[in-house]
Amino acid sequence: MSELNVENRAGAAPFVTRPRRAAYTDIVFAIIGFAILAALPFLFDSKALLDFVIRCSAFGLFATSLNLLVGYTGLISFGHGMFFGLGAYGFGLLMQRANVSIPLAMVCTLAITAVAAVVIGAICVRLKEIYFAFVTLAFQMLIHSVILSWQSLTGGDQGLRGGIKRPVFWGIDLTNHVQLYIFSCALLVIGLLLMRQIAQSPFGYTLRMIRDNATRASFIGINVWRAKLTVFVLAALFASVGGMIMSLFVSGAYPEFAYWTISGEGIFINMLGGVTTFLGPMVGTVLLLILNDTATRLTEHYGIVLGVVILFFALGLRKGLMDFAVDWYRAWRDKAKEQS
Amino acid sequence: MTKTGKPGINRRTTLALMGAGAFTVASPWVARAQAKTIKIGMPTILSGRVAQLGTSSRNAVMLEVEKVNAAGGLAGRQIEMVVRDSKGQPQEAARIARELVNTDGCELLIDGEASSGSFAVHEVARDIGVLCIHTCSEASSLTADPKQHIPNAFRCVRQGIHDSIAGGSYAANIAKAKGLKKWATCSPDYAYGRDTTAEFVTYLKHFAPDVEIISETWPKLFQPDYTETVTKILQAKPQALYSALWGGDLTSYIDQANIYAMFTQMEVFAVNMADYTALTVVKNLPKGIHSGNRYIKTYPATAENAAWGDAYKAKYKEYPTNWSWQNATAVMFLSEAAKKANSTDGKKLAEVLTGLTIKCPFGADGTVTMRGEDRTLVGYAIGWGTTIPNEPYVPEVKSGDWKQIFALEAEWKKSKGYT
């Protein structure tokens with residue numbers, strides 16, 4: 001890629017640097033993206049649109065963080081939803097019981113998620129492929145079972161009841177729909193920007209190397225286990241932020257947030273949007289939510305519609321939408337070059 | 001042919017033109033008044049394993065809405081129902097509830113969600129202030145817990161605590177009469193199953209202190225095979241069994257327990273048996289299973305209830321469910337409240353609904369009440385009886401005593417810290 005400088009130094013691992021200008025470009029794009037999103041409530045008088053973007057923020061962060069594992073590291077996690085659930089429950093419980101401010105509850109939730117991710121990740125990342133997938137699924141079901149069983153704390157299958165308080169902090173009132181929307185957009189943009197920096201950093205390229213050939217990476221001095229564990233924890237933190245946004249949106253937390261179907265939706269979003277581009281999962285999120293919202297308005301047979309779309313992407317395009325678009329653009333560009 | 005008459009515009013033509021003009025000028029208002037329907041949103045579960053919850057709820061609502069519309073509508077406004085599938089996901093239930101109000105322009109909500117979905121819709125009602133009637137969630141805490149109280153949310157559903165008190169009282173009488181001291185329980189392993197069973201056992205022991213629970217089994221929700229559960233209970237050799245299994249789980253359990261002749265070896269109390277969803281599906285319905293009523297058209301034994309059940313079956317070619325009568329009652333409440341308030345405004349309706357008593361085919365005494373203190377349904381027909389293999393399935397139902405239910409419910413609320 002043009003934004004990379006790869007210097008091979010004798011006796012050292014490939015040293016990858018990224019020009020500071022590229023990072024600034026990302027920041028500029030993030031600011032423009034945030035400005036456009038922040039302007040939407042003033043351009044369109046639609047609460048449903050704001051709800052849609054809030055949900056996109058929650059699922060977008062979740063799906064993009066999953067892509068750090070699936071697309072960048074080659075770790076197909078079937079249990080990533082547990083961190084989405086942990087975020088929702090951790091934040092909800094702290095707000096309901098500890099009577100703390102929203103920023104403090106968010107920081108504490110991230111700390112809880114990090115601890116859980118380190119423990120679970122330390123076991124899971126030693127495994128490869130299907131074994132990794134199944135052990136992450138097993139941990140997810142364990143956490144889901146704990147949520148169901150620990151009724152005195154979590155409310156069992158009825159979830160956290162009584163609503164989540166949203167006290168004003170730094171002049172931000174999240175009981176106001178527009179402010180909740182802008183807050184969610186800010187979390188989305190900051191989250192995406194941070195993940196972009198991770199993906200484009202030397203560490204991000206180490207992950208790609210591990211994905212392509214973990215043995216080779218190991219031979220050139222990379223601690224594969226540590227790198228995998230680090231990205232596992234980082235991805236968990238961003239998924240947790242997604243869960244917090246969702247808990248703010250529904251003013252509660254429910255066991256379904258930590259169920260395997262949430263992880264399944266994350267995988268499906270990645271399939272829809274594509275895993276080879278950074279924004280693929282975000283595009284997949286928008287597509288899935290549009291599909292979901294449209295299909296449930298028009299038919300009760302949502303599953304059939306979803307199945308047909310999966311078949312179209314799996315058998316027709318054989319890749320995600322962004323992957324297809326990028327490949328098509330490259331083919332078109334190469335053809336244009338040849339002709340010129 | 002020659003035309004006769006005076007030249008120019010005659011009186012009749014003038015009147016006709018004036019009439020046409022008036023109609024032309026007034027028609028937009030007339031049309032607008034006619035088109036001014038009131039939309040009622042209904043998030044519910046229309047797909048998946050409990051899709052029957054949503055479809056039978058929707059059917060009952062539509063049956064009643066047709067009657068209300070034929071009688072002139074809600075305070076003169078025709079009702080248009082907007083029903084959406086949440087797939088049983090709470091975040092979808094919340095999303096759909098918000099969309100129904102904010103985008104589709106629904107002014108009222110009938111919440112046909114179960115369990116966590118109903119709590120999610122409750123939070124939407126709290127957030128945006130729309131009048132909401134819960135019609136499917138039996139979780140007592142939805143209205144018993146004061147943290148859940150909001151002036152715009154009501155619950156038109158039977159409650160686990162009411163069933164447990166009525167069931168405990170009925171079962172204790174049988175236990176005393178037949179000397180049933182050793183009991184086993186078998187209920188689904190989730191909040192409803194565990195809470196309802198614990199409450200039933202509490203009240204069974206309250207009325208019959210000699211009773212002892214010697215075995216507990218907690219099969220998973222939607223478990224396909226009950227062999228292990230059945231054999232465990234048979235090995236414990238209880239004299240009686242209580243179960244809060246429901247729907248397909250209950251019918252599968254009975255079919256599999258029949259192979260082991262379980263129902264000849266002990267008295268069985270299944271709170272959710274007397275519902276057509278279970279009664280008509282079991283292959284060989286054993287005689288003598290004790291059950292609480294869910295919905296059967298023979299209880300309450302009134303012409304109104306039988307007529308309602310028959311009308312439902314005639315329209316939809318199947319019997320109504322427990323969810324059906326609850327949803328139908330919600331529409332009856334709205335209709336009566338709109339008449340009294342002469343308005344469809346949510347706040348005015350909520351004021352009238354609080355403490356409102358209406359005539360209802362599903363009432364214990366022909367009426368049901370939306371109790372004011374916790375905005376929940378009371379006075380509905382609640383009773384227990386024993387099954388026979390064919391219609392009417394539960395020929396004699398012994399009614400629960402609402403005075404006793406109220407007294408023990410008040411104690412239960414205190415014990416939970418709700419009052």
# chains A, B, ... in the order shown; residues from 1 in each chain; ligands from 1
$ closest_atom_pairs --of "range 73-185 of chain B" --to "range 371-385 of chain B" --cutoff "10 Å" --atoms "only C-alpha atoms" --output "Markdown table"
| residue | atom | partner | partner_atom | distance |
| --- | --- | --- | --- | --- |
| B:Ile133 | CA | B:Thr376 | CA | 9.4 |
| B:His134 | CA | B:Thr376 | CA | 9.3 |
| B:Thr135 | CA | B:Leu377 | CA | 9.9 |
| B:Ser140 | CA | B:Thr376 | CA | 9.7 |
| B:Leu142 | CA | B:Thr376 | CA | 9.3 |
| B:Thr143 | CA | B:Asp374 | CA | 5.8 |
| B:Ala144 | CA | B:Asp374 | CA | 6.5 |
| B:Asp145 | CA | B:Asp374 | CA | 8.7 |
| B:Pro146 | CA | B:Asp374 | CA | 8.0 |
| B:Gln148 | CA | B:Asp374 | CA | 9.3 |
| B:His149 | CA | B:Asp374 | CA | 7.0 |
| B:Ile150 | CA | B:Arg375 | CA | 9.1 |
| B:Pro151 | CA | B:Arg375 | CA | 8.3 |
| B:Asn152 | CA | B:Arg375 | CA | 9.1 |
| B:Ala153 | CA | B:Arg375 | CA | 7.3 |
| B:Phe154 | CA | B:Arg375 | CA | 5.0 |
| B:Arg155 | CA | B:Thr376 | CA | 4.7 |
| B:Cys156 | CA | B:Leu377 | CA | 5.0 |
| B:Val157 | CA | B:Leu377 | CA | 6.1 |
| B:Arg158 | CA | B:Leu377 | CA | 6.9 |
| B:Gln159 | CA | B:Leu377 | CA | 8.5 |
| B:His162 | CA | B:Ile382 | CA | 8.3 |
| B:Asp163 | CA | B:Ile382 | CA | 7.3 |
| B:Ala166 | CA | B:Gly383 | CA | 6.8 |
| B:Gly167 | CA | B:Trp384 | CA | 6.9 |
| B:Ser169 | CA | B:Trp384 | CA | 9.9 |
| B:Tyr170 | CA | B:Trp384 | CA | 6.9 |
| B:Ala171 | CA | B:Trp384 | CA | 8.9 |
$ write_last_selection --atoms "N, CA and C atoms" --output "PDB file, in the first residue's frame"
ATOM      1  N   ILE B 133     -50.424  -0.530  26.632  1.00  0.00           N
ATOM      2  CA  ILE B 133     -51.066  -1.609  27.407  1.00  0.00           C
ATOM      3  C   ILE B 133     -50.320  -2.907  27.112  1.00  0.00           C
ATOM      4  N   HIS B 134     -49.695  -3.472  28.124  1.00  0.00           N
ATOM      5  CA  HIS B 134     -49.026  -4.763  27.964  1.00  0.00           C
ATOM      6  C   HIS B 134     -50.087  -5.860  27.949  1.00  0.00           C
ATOM      7  N   THR B 135     -49.956  -6.789  27.027  1.00  0.00           N
ATOM      8  CA  THR B 135     -51.019  -7.794  26.892  1.00  0.00           C
ATOM      9  C   THR B 135     -50.524  -9.246  26.942  1.00  0.00           C
ATOM     10  N   SER B 140     -44.879 -10.892  37.169  1.00  0.00           N
ATOM     11  CA  SER B 140     -45.569 -10.054  38.152  1.00  0.00           C
ATOM     12  C   SER B 140     -44.845  -8.729  38.377  1.00  0.00           C
ATOM     13  N   LEU B 142     -43.523  -6.714  36.477  1.00  0.00           N
ATOM     14  CA  LEU B 142     -43.771  -5.656  35.483  1.00  0.00           C
ATOM     15  C   LEU B 142     -44.672  -4.559  36.049  1.00  0.00           C
ATOM     16  N   THR B 143     -45.602  -4.942  36.921  1.00  0.00           N
ATOM     17  CA  THR B 143     -46.463  -3.919  37.526  1.00  0.00           C
ATOM     18  C   THR B 143     -46.392  -3.911  39.056  1.00  0.00           C
ATOM     19  N   ALA B 144     -45.923  -5.020  39.649  1.00  0.00           N
ATOM     20  CA  ALA B 144     -45.872  -5.061  41.119  1.00  0.00           C
ATOM     21  C   ALA B 144     -44.730  -4.204  41.655  1.00  0.00           C
ATOM     22  N   ASP B 145     -43.613  -4.174  40.931  1.00  0.00           N
ATOM     23  CA  ASP B 145     -42.438  -3.419  41.366  1.00  0.00           C
ATOM     24  C   ASP B 145     -42.666  -1.928  41.150  1.00  0.00           C
ATOM     25  N   PRO B 146     -42.663  -1.128  42.219  1.00  0.00           N
ATOM     26  CA  PRO B 146     -42.945   0.308  42.048  1.00  0.00           C
ATOM     27  C   PRO B 146     -41.952   1.023  41.122  1.00  0.00           C
ATOM     28  N   GLN B 148     -41.265   0.163  38.323  1.00  0.00           N
ATOM     29  CA  GLN B 148     -41.819   0.060  36.963  1.00  0.00           C
ATOM     30  C   GLN B 148     -43.022   0.969  36.752  1.00  0.00           C
ATOM     31  N   HIS B 149     -43.513   1.578  37.847  1.00  0.00           N
ATOM     32  CA  HIS B 149     -44.758   2.342  37.698  1.00  0.00           C
ATOM     33  C   HIS B 149     -44.559   3.622  36.902  1.00  0.00           C
ATOM     34  N   ILE B 150     -45.327   3.733  35.821  1.00  0.00           N
ATOM     35  CA  ILE B 150     -45.389   4.991  35.067  1.00  0.00           C
ATOM     36  C   ILE B 150     -46.867   5.218  34.743  1.00  0.00           C
ATOM     37  N   PRO B 151     -47.308   6.473  34.718  1.00  0.00           N
ATOM     38  CA  PRO B 151     -48.757   6.710  34.607  1.00  0.00           C
ATOM     39  C   PRO B 151     -49.351   6.289  33.273  1.00  0.00           C
ATOM     40  N   ASN B 152     -48.520   6.082  32.253  1.00  0.00           N
ATOM     41  CA  ASN B 152     -49.051   5.788  30.920  1.00  0.00           C
ATOM     42  C   ASN B 152     -48.944   4.316  30.532  1.00  0.00           C
ATOM     43  N   ALA B 153     -48.553   3.426  31.465  1.00  0.00           N
ATOM     44  CA  ALA B 153     -48.434   2.005  31.106  1.00  0.00           C
ATOM     45  C   ALA B 153     -49.365   1.154  31.973  1.00  0.00           C
ATOM     46  N   PHE B 154     -50.074   0.259  31.319  1.00  0.00           N
ATOM     47  CA  PHE B 154     -51.032  -0.621  31.994  1.00  0.00           C
ATOM     48  C   PHE B 154     -50.718  -2.059  31.602  1.00  0.00           C
ATOM     49  N   ARG B 155     -51.217  -2.989  32.409  1.00  0.00           N
ATOM     50  CA  ARG B 155     -51.010  -4.399  32.066  1.00  0.00           C
ATOM     51  C   ARG B 155     -52.362  -5.111  32.088  1.00  0.00           C
ATOM     52  N   CYS B 156     -52.700  -5.686  30.928  1.00  0.00           N
ATOM     53  CA  CYS B 156     -53.973  -6.375  30.791  1.00  0.00           C
ATOM     54  C   CYS B 156     -53.665  -7.871  30.610  1.00  0.00           C
ATOM     55  N   VAL B 157     -53.066  -8.460  31.625  1.00  0.00           N
ATOM     56  CA  VAL B 157     -52.571  -9.833  31.539  1.00  0.00           C
ATOM     57  C   VAL B 157     -52.796 -10.516  32.890  1.00  0.00           C
ATOM     58  N   ARG B 158     -53.024 -11.827  32.854  1.00  0.00           N
ATOM     59  CA  ARG B 158     -53.051 -12.574  34.110  1.00  0.00           C
ATOM     60  C   ARG B 158     -51.643 -12.536  34.714  1.00  0.00           C
ATOM     61  N   GLN B 159     -51.542 -12.796  36.006  1.00  0.00           N
ATOM     62  CA  GLN B 159     -50.213 -12.719  36.643  1.00  0.00           C
ATOM     63  C   GLN B 159     -49.846 -14.028  37.303  1.00  0.00           C
ATOM     64  N   HIS B 162     -51.055 -14.382  40.937  1.00  0.00           N
ATOM     65  CA  HIS B 162     -52.485 -14.703  41.077  1.00  0.00           C
ATOM     66  C   HIS B 162     -52.705 -16.191  40.844  1.00  0.00           C
ATOM     67  N   ASP B 163     -52.085 -16.712  39.779  1.00  0.00           N
ATOM     68  CA  ASP B 163     -52.227 -18.141  39.452  1.00  0.00           C
ATOM     69  C   ASP B 163     -51.693 -19.010  40.588  1.00  0.00           C
ATOM     70  N   ALA B 166     -54.148 -18.970  43.650  1.00  0.00           N
ATOM     71  CA  ALA B 166     -55.345 -19.766  43.349  1.00  0.00           C
ATOM     72  C   ALA B 166     -54.977 -21.248  43.249  1.00  0.00           C
ATOM     73  N   GLY B 167     -53.837 -21.522  42.576  1.00  0.00           N
ATOM     74  CA  GLY B 167     -53.397 -22.916  42.397  1.00  0.00           C
ATOM     75  C   GLY B 167     -53.000 -23.554  43.721  1.00  0.00           C
ATOM     76  N   SER B 169     -54.029 -22.833  46.714  1.00  0.00           N
ATOM     77  CA  SER B 169     -55.229 -23.071  47.511  1.00  0.00           C
ATOM     78  C   SER B 169     -55.966 -24.318  47.015  1.00  0.00           C
ATOM     79  N   TYR B 170     -56.145 -24.392  45.689  1.00  0.00           N
ATOM     80  CA  TYR B 170     -56.846 -25.553  45.095  1.00  0.00           C
ATOM     81  C   TYR B 170     -56.067 -26.838  45.369  1.00  0.00           C
ATOM     82  N   ALA B 171     -54.757 -26.813  45.119  1.00  0.00           N
ATOM     83  CA  ALA B 171     -53.942 -28.028  45.277  1.00  0.00           C
ATOM     84  C   ALA B 171     -53.886 -28.469  46.735  1.00  0.00           C
TER      85      ALA B 171
END
$ interface_residues --of "chain A" --to "chain B" --cutoff "7 Å" --atoms "only C-alpha atoms" --output "ChimeraX atom specification"
/A:47-48,156-159,161-163,250-251,254,256,296-297,300
$ select_by_dssp --residues "range 173-279 of chain A" --states "alpha helix (DSSP H)" --output "PyMOL selection string"
chain A and resi 177-200+202-212+214-219+224-250+260-273
$ decode --residues "range 116-140 of chain A" --atoms "N, CA and C atoms" --output "compact mmCIF listing (two decimals), in the first residue's frame"
# COMPACT_ATOMS: atom_id res chain seq x y z
N ALA A 116 -12.11 -9.36 31.76
CA ALA A 116 -12.76 -10.57 31.24
C ALA A 116 -12.10 -11.03 29.95
N ALA A 117 -11.78 -10.06 29.07
CA ALA A 117 -11.19 -10.40 27.77
C ALA A 117 -9.80 -10.99 27.94
N VAL A 118 -9.04 -10.47 28.90
CA VAL A 118 -7.69 -11.02 29.12
C VAL A 118 -7.78 -12.47 29.57
N VAL A 119 -8.68 -12.73 30.51
CA VAL A 119 -8.82 -14.10 31.04
C VAL A 119 -9.30 -15.05 29.94
N ILE A 120 -10.39 -14.65 29.26
CA ILE A 120 -10.96 -15.52 28.22
C ILE A 120 -9.99 -15.64 27.04
N GLY A 121 -9.42 -14.50 26.65
CA GLY A 121 -8.51 -14.49 25.51
C GLY A 121 -7.27 -15.33 25.75
N ALA A 122 -6.74 -15.28 26.99
CA ALA A 122 -5.52 -16.04 27.29
C ALA A 122 -5.73 -17.53 27.03
N ILE A 123 -6.95 -17.98 27.22
CA ILE A 123 -7.25 -19.40 26.95
C ILE A 123 -7.53 -19.62 25.46
N CYS A 124 -8.33 -18.73 24.89
CA CYS A 124 -8.83 -18.95 23.53
C CYS A 124 -7.75 -18.81 22.46
N VAL A 125 -6.89 -17.77 22.58
CA VAL A 125 -5.99 -17.48 21.46
C VAL A 125 -4.88 -18.52 21.30
N ARG A 126 -4.77 -19.43 22.25
CA ARG A 126 -3.82 -20.52 22.06
C ARG A 126 -4.31 -21.49 21.00
N LEU A 127 -5.62 -21.42 20.72
CA LEU A 127 -6.23 -22.37 19.78
C LEU A 127 -6.36 -21.75 18.40
N LYS A 128 -6.53 -22.63 17.42
CA LYS A 128 -6.62 -22.14 16.04
C LYS A 128 -7.95 -22.54 15.42
N GLU A 129 -8.32 -21.79 14.39
CA GLU A 129 -9.42 -22.11 13.50
C GLU A 129 -10.69 -22.53 14.24
N ILE A 130 -11.19 -23.74 13.92
CA ILE A 130 -12.49 -24.16 14.44
C ILE A 130 -12.46 -24.31 15.96
N TYR A 131 -11.31 -24.66 16.51
CA TYR A 131 -11.20 -24.83 17.96
C TYR A 131 -11.34 -23.48 18.66
N PHE A 132 -10.68 -22.47 18.08
CA PHE A 132 -10.81 -21.11 18.62
C PHE A 132 -12.27 -20.68 18.56
N ALA A 133 -12.92 -20.92 17.40
CA ALA A 133 -14.31 -20.51 17.21
C ALA A 133 -15.21 -21.15 18.26
N PHE A 134 -15.01 -22.44 18.48
CA PHE A 134 -15.92 -23.14 19.40
C PHE A 134 -15.67 -22.78 20.86
N VAL A 135 -14.43 -22.54 21.22
CA VAL A 135 -14.16 -22.18 22.61
C VAL A 135 -14.70 -20.77 22.91
N THR A 136 -14.59 -19.86 21.94
CA THR A 136 -15.18 -18.53 22.16
C THR A 136 -16.70 -18.66 22.29
N LEU A 137 -17.29 -19.54 21.49
CA LEU A 137 -18.73 -19.77 21.58
C LEU A 137 -19.09 -20.32 22.97
N ALA A 138 -18.26 -21.25 23.44
CA ALA A 138 -18.52 -21.85 24.75
C ALA A 138 -18.46 -20.79 25.86
N PHE A 139 -17.48 -19.90 25.77
CA PHE A 139 -17.40 -18.82 26.79
C PHE A 139 -18.61 -17.90 26.71
N GLN A 140 -19.04 -17.64 25.48
CA GLN A 140 -20.22 -16.80 25.31
C GLN A 140 -21.43 -17.43 25.99
